[in-house]
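Text of coords_3.cif (mmCIF, N, CA and C atoms) as supplied:
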data_input
loop_
_atom_site.label_atom_id
_atom_site.label_comp_id
_atom_site.auth_asym_id
_atom_site.auth_seq_id
_atom_site.Cartn_x
_atom_site.Cartn_y
_atom_site.Cartn_z
N MET A 41 155.20 181.57 214.46
CA MET A 41 155.63 182.87 214.79
C MET A 41 156.95 183.17 214.07
N THR A 42 157.03 184.34 213.60
CA THR A 42 158.22 184.74 212.86
C THR A 42 159.20 185.39 213.83
N THR A 43 160.40 185.05 213.64
CA THR A 43 161.42 185.66 214.49
C THR A 43 162.09 186.81 213.72
N ILE A 44 162.42 187.83 214.42
CA ILE A 44 163.07 188.99 213.83
C ILE A 44 164.57 188.78 213.96
N ASP A 45 165.22 188.91 212.84
CA ASP A 45 166.67 188.78 212.84
C ASP A 45 167.27 190.17 213.08
N TRP A 46 167.52 190.40 214.35
CA TRP A 46 168.02 191.71 214.75
C TRP A 46 169.39 192.03 214.13
N ALA A 47 170.17 191.09 213.92
CA ALA A 47 171.51 191.32 213.38
C ALA A 47 171.42 191.84 211.95
N SER A 48 170.60 191.20 211.12
CA SER A 48 170.50 191.66 209.73
C SER A 48 169.78 193.00 209.65
N MET A 49 168.82 193.22 210.54
CA MET A 49 168.14 194.51 210.57
C MET A 49 169.11 195.61 210.99
N GLY A 50 169.95 195.35 211.95
CA GLY A 50 170.94 196.32 212.41
C GLY A 50 171.94 196.65 211.30
N ILE A 51 172.37 195.62 210.57
CA ILE A 51 173.32 195.85 209.47
C ILE A 51 172.65 196.70 208.39
N THR A 52 171.39 196.46 208.10
CA THR A 52 170.67 197.23 207.10
C THR A 52 170.55 198.68 207.53
N LEU A 53 170.16 198.90 208.80
CA LEU A 53 170.04 200.26 209.32
C LEU A 53 171.38 201.00 209.30
N ILE A 54 172.45 200.30 209.67
CA ILE A 54 173.78 200.92 209.66
C ILE A 54 174.18 201.27 208.23
N SER A 55 173.87 200.39 207.28
CA SER A 55 174.18 200.66 205.88
C SER A 55 173.43 201.89 205.37
N ILE A 56 172.16 201.98 205.70
CA ILE A 56 171.35 203.13 205.27
C ILE A 56 171.88 204.41 205.91
N ALA A 57 172.13 204.36 207.23
CA ALA A 57 172.65 205.53 207.93
C ALA A 57 174.01 205.94 207.36
N GLY A 58 174.87 204.99 207.08
CA GLY A 58 176.18 205.29 206.51
C GLY A 58 176.07 205.95 205.14
N THR A 59 175.15 205.48 204.31
CA THR A 59 174.94 206.06 202.99
C THR A 59 174.43 207.49 203.11
N VAL A 60 173.49 207.72 204.02
CA VAL A 60 172.94 209.07 204.21
C VAL A 60 174.04 210.00 204.73
N ILE A 61 174.81 209.55 205.68
CA ILE A 61 175.88 210.38 206.25
C ILE A 61 176.95 210.67 205.19
N ALA A 62 177.35 209.67 204.43
CA ALA A 62 178.35 209.87 203.38
C ALA A 62 177.83 210.85 202.33
N GLY A 63 176.56 210.73 201.98
CA GLY A 63 175.96 211.66 201.03
C GLY A 63 175.96 213.09 201.56
N PHE A 64 175.63 213.25 202.82
CA PHE A 64 175.64 214.57 203.43
C PHE A 64 177.05 215.15 203.47
N ILE A 65 178.03 214.34 203.84
CA ILE A 65 179.42 214.81 203.89
C ILE A 65 179.89 215.21 202.50
N ALA A 66 179.55 214.41 201.49
CA ALA A 66 179.93 214.74 200.11
C ALA A 66 179.29 216.06 199.67
N TRP A 67 178.01 216.22 199.97
CA TRP A 67 177.31 217.46 199.62
C TRP A 67 177.94 218.65 200.32
N PHE A 68 178.22 218.51 201.62
CA PHE A 68 178.81 219.59 202.40
C PHE A 68 180.18 220.00 201.85
N LEU A 69 181.03 219.01 201.57
CA LEU A 69 182.36 219.31 201.02
C LEU A 69 182.26 219.97 199.65
N LYS A 70 181.32 219.51 198.84
CA LYS A 70 181.14 220.11 197.52
C LYS A 70 180.73 221.57 197.66
N GLU A 71 179.84 221.86 198.56
CA GLU A 71 179.40 223.23 198.78
C GLU A 71 180.55 224.10 199.28
N GLN A 72 181.35 223.58 200.18
CA GLN A 72 182.48 224.35 200.72
C GLN A 72 183.52 224.63 199.65
N VAL A 73 183.85 223.64 198.85
CA VAL A 73 184.83 223.82 197.78
C VAL A 73 184.27 224.78 196.74
N GLY A 74 183.00 224.64 196.40
CA GLY A 74 182.38 225.53 195.43
C GLY A 74 182.38 226.96 195.92
N GLU A 75 182.05 227.18 197.17
CA GLU A 75 182.05 228.53 197.74
C GLU A 75 183.46 229.09 197.75
N THR A 76 184.43 228.26 198.06
CA THR A 76 185.81 228.72 198.08
C THR A 76 186.24 229.16 196.70
N ARG A 77 185.90 228.40 195.68
CA ARG A 77 186.26 228.76 194.32
C ARG A 77 185.59 230.07 193.90
N ILE A 78 184.33 230.22 194.23
CA ILE A 78 183.61 231.45 193.89
C ILE A 78 184.22 232.63 194.62
N THR A 79 184.54 232.45 195.90
CA THR A 79 185.15 233.52 196.68
C THR A 79 186.50 233.90 196.11
N LYS A 80 187.31 232.92 195.76
CA LYS A 80 188.63 233.21 195.18
C LYS A 80 188.49 233.92 193.84
N ALA A 81 187.52 233.49 193.04
CA ALA A 81 187.31 234.14 191.74
C ALA A 81 186.88 235.59 191.93
N ASN A 82 186.00 235.84 192.88
CA ASN A 82 185.56 237.22 193.16
C ASN A 82 186.72 238.08 193.66
N GLU A 83 187.56 237.51 194.51
CA GLU A 83 188.72 238.24 195.01
C GLU A 83 189.67 238.59 193.87
N LEU A 84 189.91 237.64 192.96
CA LEU A 84 190.76 237.90 191.81
C LEU A 84 190.17 238.98 190.92
N LEU A 85 188.88 238.91 190.70
CA LEU A 85 188.21 239.91 189.88
C LEU A 85 188.34 241.30 190.50
N LYS A 86 188.14 241.41 191.79
CA LYS A 86 188.29 242.69 192.47
C LYS A 86 189.72 243.19 192.36
N LYS A 87 190.69 242.28 192.52
CA LYS A 87 192.09 242.67 192.43
C LYS A 87 192.41 243.21 191.03
N TYR A 88 191.98 242.51 189.98
CA TYR A 88 192.26 242.94 188.61
C TYR A 88 191.56 244.27 188.30
N LYS A 89 190.35 244.42 188.81
CA LYS A 89 189.62 245.67 188.58
C LYS A 89 190.34 246.83 189.27
N LEU A 90 190.77 246.63 190.50
CA LEU A 90 191.51 247.66 191.23
C LEU A 90 192.81 248.01 190.51
N GLU A 91 193.53 246.98 190.05
CA GLU A 91 194.77 247.23 189.32
C GLU A 91 194.51 248.03 188.05
N PHE A 92 193.45 247.68 187.33
CA PHE A 92 193.12 248.39 186.09
C PHE A 92 192.78 249.85 186.37
N VAL A 93 192.01 250.09 187.41
CA VAL A 93 191.64 251.46 187.77
C VAL A 93 192.89 252.25 188.17
N LEU A 94 193.79 251.62 188.91
CA LEU A 94 195.03 252.28 189.29
C LEU A 94 195.86 252.64 188.05
N LYS A 95 195.98 251.69 187.14
CA LYS A 95 196.75 251.93 185.91
C LYS A 95 196.14 253.09 185.12
N GLN A 96 194.83 253.09 185.00
CA GLN A 96 194.17 254.17 184.27
C GLN A 96 194.42 255.52 184.94
N SER A 97 194.34 255.57 186.25
CA SER A 97 194.53 256.84 186.95
C SER A 97 195.97 257.32 186.82
N TRP A 98 196.94 256.39 186.87
CA TRP A 98 198.33 256.79 186.68
C TRP A 98 198.57 257.34 185.28
N VAL A 99 197.98 256.69 184.30
CA VAL A 99 198.15 257.16 182.92
C VAL A 99 197.51 258.53 182.76
N GLU A 100 196.31 258.71 183.30
CA GLU A 100 195.63 260.01 183.20
C GLU A 100 196.47 261.09 183.87
N GLU A 101 196.98 260.80 185.05
CA GLU A 101 197.82 261.76 185.78
C GLU A 101 199.08 262.09 184.98
N ALA A 102 199.73 261.07 184.43
CA ALA A 102 200.98 261.28 183.69
C ALA A 102 200.74 262.07 182.40
N VAL A 103 199.65 261.76 181.69
CA VAL A 103 199.36 262.47 180.44
C VAL A 103 199.05 263.94 180.74
N ARG A 104 198.28 264.20 181.77
CA ARG A 104 197.99 265.59 182.14
C ARG A 104 199.26 266.33 182.56
N TYR A 105 200.09 265.65 183.33
CA TYR A 105 201.35 266.26 183.74
C TYR A 105 202.20 266.60 182.52
N ALA A 106 202.34 265.65 181.62
CA ALA A 106 203.16 265.87 180.41
C ALA A 106 202.59 267.01 179.58
N ASP A 107 201.29 267.07 179.51
CA ASP A 107 200.64 268.11 178.70
C ASP A 107 200.80 269.49 179.32
N GLN A 108 200.74 269.56 180.65
CA GLN A 108 200.75 270.86 181.33
C GLN A 108 202.14 271.33 181.73
N VAL A 109 203.01 270.41 182.09
CA VAL A 109 204.32 270.80 182.61
C VAL A 109 205.42 270.67 181.56
N LEU A 110 205.33 269.65 180.75
CA LEU A 110 206.38 269.43 179.74
C LEU A 110 206.00 270.07 178.41
N PHE A 111 205.44 271.27 178.47
CA PHE A 111 204.94 271.93 177.26
C PHE A 111 206.05 272.26 176.26
N ASP A 112 207.29 272.39 176.72
CA ASP A 112 208.39 272.73 175.81
C ASP A 112 209.03 271.50 175.16
N LYS A 113 208.56 270.31 175.51
CA LYS A 113 209.11 269.07 174.97
C LYS A 113 208.32 268.64 173.73
N LYS A 114 208.97 267.81 172.91
CA LYS A 114 208.31 267.25 171.73
C LYS A 114 207.36 266.14 172.17
N GLY A 115 206.49 265.75 171.24
CA GLY A 115 205.49 264.71 171.54
C GLY A 115 206.10 263.40 171.98
N THR A 116 207.18 262.98 171.30
CA THR A 116 207.80 261.69 171.67
C THR A 116 208.45 261.76 173.04
N GLU A 117 208.99 262.90 173.41
CA GLU A 117 209.60 263.05 174.74
C GLU A 117 208.52 262.99 175.82
N LYS A 118 207.38 263.61 175.55
CA LYS A 118 206.26 263.56 176.50
C LYS A 118 205.77 262.12 176.64
N TYR A 119 205.64 261.45 175.48
CA TYR A 119 205.16 260.07 175.45
C TYR A 119 206.09 259.18 176.26
N ASP A 120 207.40 259.33 176.06
CA ASP A 120 208.38 258.53 176.79
C ASP A 120 208.31 258.82 178.29
N ALA A 121 208.12 260.10 178.64
CA ALA A 121 208.03 260.47 180.06
C ALA A 121 206.81 259.82 180.71
N VAL A 122 205.70 259.78 179.99
CA VAL A 122 204.48 259.14 180.49
C VAL A 122 204.73 257.65 180.69
N MET A 123 205.36 257.01 179.71
CA MET A 123 205.62 255.57 179.78
C MET A 123 206.51 255.25 180.99
N VAL A 124 207.56 256.03 181.19
CA VAL A 124 208.48 255.79 182.30
C VAL A 124 207.78 256.00 183.63
N PHE A 125 206.98 257.06 183.75
CA PHE A 125 206.27 257.34 185.00
C PHE A 125 205.31 256.21 185.36
N VAL A 126 204.50 255.79 184.42
CA VAL A 126 203.49 254.76 184.71
C VAL A 126 204.16 253.42 184.99
N ALA A 127 205.18 253.07 184.22
CA ALA A 127 205.90 251.82 184.47
C ALA A 127 206.54 251.83 185.86
N GLY A 128 207.07 252.97 186.26
CA GLY A 128 207.66 253.08 187.59
C GLY A 128 206.63 252.93 188.70
N LYS A 129 205.46 253.55 188.50
CA LYS A 129 204.37 253.42 189.49
C LYS A 129 203.94 251.96 189.63
N ALA A 130 203.78 251.29 188.49
CA ALA A 130 203.36 249.88 188.52
C ALA A 130 204.39 249.03 189.24
N LYS A 131 205.65 249.25 188.94
CA LYS A 131 206.72 248.49 189.59
C LYS A 131 206.74 248.78 191.09
N GLU A 132 206.58 250.05 191.45
CA GLU A 132 206.58 250.46 192.85
C GLU A 132 205.49 249.76 193.65
N HIS A 133 204.34 249.53 193.00
CA HIS A 133 203.20 248.90 193.68
C HIS A 133 203.13 247.40 193.43
N GLY A 134 204.10 246.86 192.70
CA GLY A 134 204.12 245.41 192.45
C GLY A 134 203.04 244.94 191.51
N ILE A 135 202.63 245.80 190.59
CA ILE A 135 201.57 245.47 189.64
C ILE A 135 202.20 245.18 188.28
N GLU A 136 201.83 244.05 187.71
CA GLU A 136 202.37 243.68 186.40
C GLU A 136 201.76 244.56 185.32
N LEU A 137 202.62 245.09 184.47
CA LEU A 137 202.17 245.95 183.38
C LEU A 137 203.04 245.68 182.17
N THR A 138 202.44 245.10 181.14
CA THR A 138 203.18 244.79 179.93
C THR A 138 203.33 246.06 179.08
N PRO A 139 204.36 246.12 178.26
CA PRO A 139 204.53 247.28 177.38
C PRO A 139 203.33 247.50 176.46
N THR A 140 202.74 246.42 175.97
CA THR A 140 201.57 246.55 175.11
C THR A 140 200.40 247.14 175.87
N GLU A 141 200.17 246.66 177.08
CA GLU A 141 199.07 247.18 177.89
C GLU A 141 199.28 248.66 178.20
N LEU A 142 200.52 249.02 178.51
CA LEU A 142 200.84 250.41 178.79
C LEU A 142 200.59 251.29 177.57
N LYS A 143 201.02 250.83 176.42
CA LYS A 143 200.81 251.59 175.19
C LYS A 143 199.32 251.79 174.91
N VAL A 144 198.54 250.73 175.09
CA VAL A 144 197.09 250.81 174.86
C VAL A 144 196.45 251.79 175.83
N LEU A 145 196.84 251.75 177.09
CA LEU A 145 196.27 252.66 178.08
C LEU A 145 196.60 254.12 177.75
N VAL A 146 197.85 254.38 177.36
CA VAL A 146 198.26 255.74 177.02
C VAL A 146 197.52 256.23 175.78
N GLU A 147 197.46 255.38 174.75
CA GLU A 147 196.76 255.77 173.52
C GLU A 147 195.28 256.02 173.79
N ALA A 148 194.67 255.21 174.64
CA ALA A 148 193.25 255.40 174.98
C ALA A 148 193.05 256.74 175.70
N GLN A 149 193.96 257.07 176.60
CA GLN A 149 193.85 258.34 177.32
C GLN A 149 194.02 259.52 176.36
N LEU A 150 194.97 259.42 175.46
CA LEU A 150 195.17 260.49 174.48
C LEU A 150 193.95 260.64 173.58
N HIS A 151 193.38 259.52 173.18
CA HIS A 151 192.16 259.56 172.36
C HIS A 151 191.01 260.20 173.14
N LYS A 152 190.91 259.84 174.41
CA LYS A 152 189.85 260.40 175.26
C LYS A 152 190.00 261.92 175.36
N ILE A 153 191.22 262.39 175.53
CA ILE A 153 191.46 263.84 175.62
C ILE A 153 191.11 264.52 174.31
N ARG A 154 191.58 263.95 173.21
CA ARG A 154 191.31 264.55 171.90
C ARG A 154 189.82 264.56 171.59
N THR A 155 189.14 263.46 171.86
CA THR A 155 187.71 263.37 171.61
C THR A 155 186.95 264.36 172.48
N GLY A 156 187.33 264.45 173.74
CA GLY A 156 186.69 265.40 174.65
C GLY A 156 186.88 266.83 174.19
N PHE A 157 188.06 267.12 173.66
CA PHE A 157 188.32 268.47 173.17
C PHE A 157 187.45 268.76 171.96
N LYS A 158 187.34 267.80 171.04
CA LYS A 158 186.50 267.99 169.86
C LYS A 158 185.05 268.19 170.26
N GLU A 159 184.60 267.39 171.23
CA GLU A 159 183.21 267.51 171.68
C GLU A 159 182.95 268.90 172.23
N GLY A 160 183.91 269.45 172.93
CA GLY A 160 183.76 270.79 173.50
C GLY A 160 183.66 271.85 172.42
N LEU A 161 184.38 271.68 171.34
CA LEU A 161 184.34 272.66 170.25
C LEU A 161 183.05 272.58 169.45
N THR A 162 182.64 271.36 169.12
CA THR A 162 181.49 271.19 168.23
C THR A 162 180.19 271.07 168.99
N GLY A 163 180.26 270.63 170.24
CA GLY A 163 179.04 270.39 170.99
C GLY A 163 178.36 269.10 170.56
N ASN A 164 179.01 268.36 169.68
CA ASN A 164 178.45 267.12 169.14
C ASN A 164 179.38 265.97 169.49
N PRO A 165 178.98 265.08 170.42
CA PRO A 165 179.87 264.01 170.83
C PRO A 165 180.17 263.01 169.72
N SER A 166 179.38 262.95 168.69
CA SER A 166 179.62 261.97 167.64
C SER A 166 180.42 262.56 166.48
N SER A 167 180.88 263.77 166.61
CA SER A 167 181.63 264.41 165.53
C SER A 167 183.00 263.77 165.38
N ASN A 168 183.31 263.33 164.16
CA ASN A 168 184.60 262.74 163.89
C ASN A 168 185.47 263.66 163.05
N SER A 169 185.03 264.87 162.83
CA SER A 169 185.78 265.78 161.99
C SER A 169 187.06 266.23 162.68
N GLU A 170 188.06 266.53 161.88
CA GLU A 170 189.32 267.01 162.41
C GLU A 170 189.15 268.45 162.88
N LEU A 171 190.04 268.86 163.76
CA LEU A 171 190.00 270.24 164.24
C LEU A 171 190.35 271.18 163.10
N ASP A 172 189.63 272.24 163.00
CA ASP A 172 189.91 273.25 161.99
C ASP A 172 190.97 274.17 162.57
N SER A 173 192.14 274.22 161.89
CA SER A 173 193.25 275.02 162.43
C SER A 173 192.93 276.50 162.46
N SER A 174 191.93 276.93 161.70
CA SER A 174 191.57 278.34 161.74
C SER A 174 190.77 278.66 163.00
N VAL A 175 190.18 277.65 163.62
CA VAL A 175 189.40 277.86 164.82
C VAL A 175 190.30 278.00 166.03
N ILE A 176 191.30 277.11 166.13
CA ILE A 176 192.16 277.12 167.31
C ILE A 176 193.55 276.65 166.92
N ASP A 177 194.54 277.25 167.51
CA ASP A 177 195.92 276.87 167.26
C ASP A 177 196.21 275.61 168.06
N PRO A 178 196.70 274.52 167.43
CA PRO A 178 196.98 273.28 168.16
C PRO A 178 198.02 273.46 169.27
N LYS A 179 198.88 274.47 169.17
CA LYS A 179 199.87 274.72 170.22
C LYS A 179 199.19 275.09 171.53
N PHE A 180 197.96 275.57 171.42
CA PHE A 180 197.21 275.97 172.60
C PHE A 180 197.10 274.82 173.60
N LEU A 181 197.02 273.58 173.09
CA LEU A 181 196.86 272.43 173.97
C LEU A 181 198.11 272.13 174.77
N THR A 182 199.27 272.54 174.29
CA THR A 182 200.50 272.22 174.99
C THR A 182 201.18 273.43 175.59
N GLN A 183 200.67 274.60 175.36
CA GLN A 183 201.29 275.83 175.87
C GLN A 183 200.66 276.19 177.22
N PRO A 184 201.46 276.80 178.11
CA PRO A 184 200.88 277.25 179.38
C PRO A 184 200.02 278.49 179.13
N ASN A 185 199.21 278.77 180.08
CA ASN A 185 198.36 279.96 179.98
C ASN A 185 199.23 281.19 180.24
N ASN A 186 199.44 282.02 179.22
CA ASN A 186 200.30 283.19 179.34
C ASN A 186 199.52 284.46 179.63
N LEU A 187 198.25 284.33 179.91
CA LEU A 187 197.45 285.52 180.19
C LEU A 187 197.80 286.07 181.56
N LYS A 188 197.93 287.37 181.63
CA LYS A 188 198.22 288.05 182.90
C LYS A 188 196.92 288.65 183.42
N GLU A 189 196.79 288.63 184.72
CA GLU A 189 195.59 289.21 185.31
C GLU A 189 195.80 290.66 185.62
#
Hey, can you dump this file as structure tokens for me?
Amino acid sequence: MTTIDWASMGITLISIAGTVIAGFIAWFLKEQVGETRITKANELLKKYKLEFVLKQSWVEEAVRYADQVLFDKKGTEKYDAVMVFVAGKAKEHGIELTPTELKVLVEAQLHKIRTGFKEGLTGNPSSNSELDSSVIDPKFLTQPNNLKE
């Protein structure tokens, strides 16, 4: 008759159970850390997207203000006013804004306005032609509406 060595069987079972439990704990921790990293990355992405949208809206607001209210100022004075306004807004909200990024945002907004104006004149969004000065006076873009009702 064979005798069962309960001690060695118990040690084997404990070893197997320990390996399974350690594997489960490792898997669980890996999943938690992975989820945390993904969550943090998504939060950062949302934050950067929100900051970018805010910066764009400030630039759009400042460019429109400069165009409509500062009509008697020169282009460089308007440009400087836009830069100061947007930089102040970013600082007020604790958002980092480099001078290069600010310049790019302002130039993009100005390009968007100019392109939109050209599209309105030609009806062709792909038109790259310059404005014909005989069609419209460029001062019209910076002058207030002087029409009386």
Using only C-alpha atoms, can you tell me which of A:Gln149, A:Thr43, A:Thr116, A:Thr52 comes closest to Ala102 of chain A?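 So, comparing all the options, the nearest one is A:Gln149.
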Length of the atom CA of Ile78 of chain A to atom C of Ile61 of chain A vector [Å]: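 Interatomic distance, atom CA of Ile78 of chain A to atom C of Ile61 of chain A: 24.6 Å.
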What is the distance, in Å and to one decimal place, between atom CA of Lys118 of chain A and atom CA of Val103 of chain A?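 Separating atom CA of Lys118 of chain A from atom CA of Val103 of chain A is a distance of 8.0 Å.
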Please return the centre and edge lengths, in Å to one decimal, of a box with edges along x, y and z that contains all listed atoms of segment 129-138 of chain A, widened by 3 Å on every side, as lines of an AutoDock Vina configuration file.
center_x = 204.2
center_y = 248.6
center_z = 186.4
size_x = 11.2
size_y = 15.9
size_z = 20.6
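Distance-wise, atom N of Asp45 of chain A and atom C of Val60 of chain A end up 24.3 Å apart.
Minimum atom-to-atom distances from A:Val126, A:Ile44, A:Thr79, A:Gly156 to Pro139 of chain A were compared using only C-alpha atoms, and the lowest value belongs to A:Val126.
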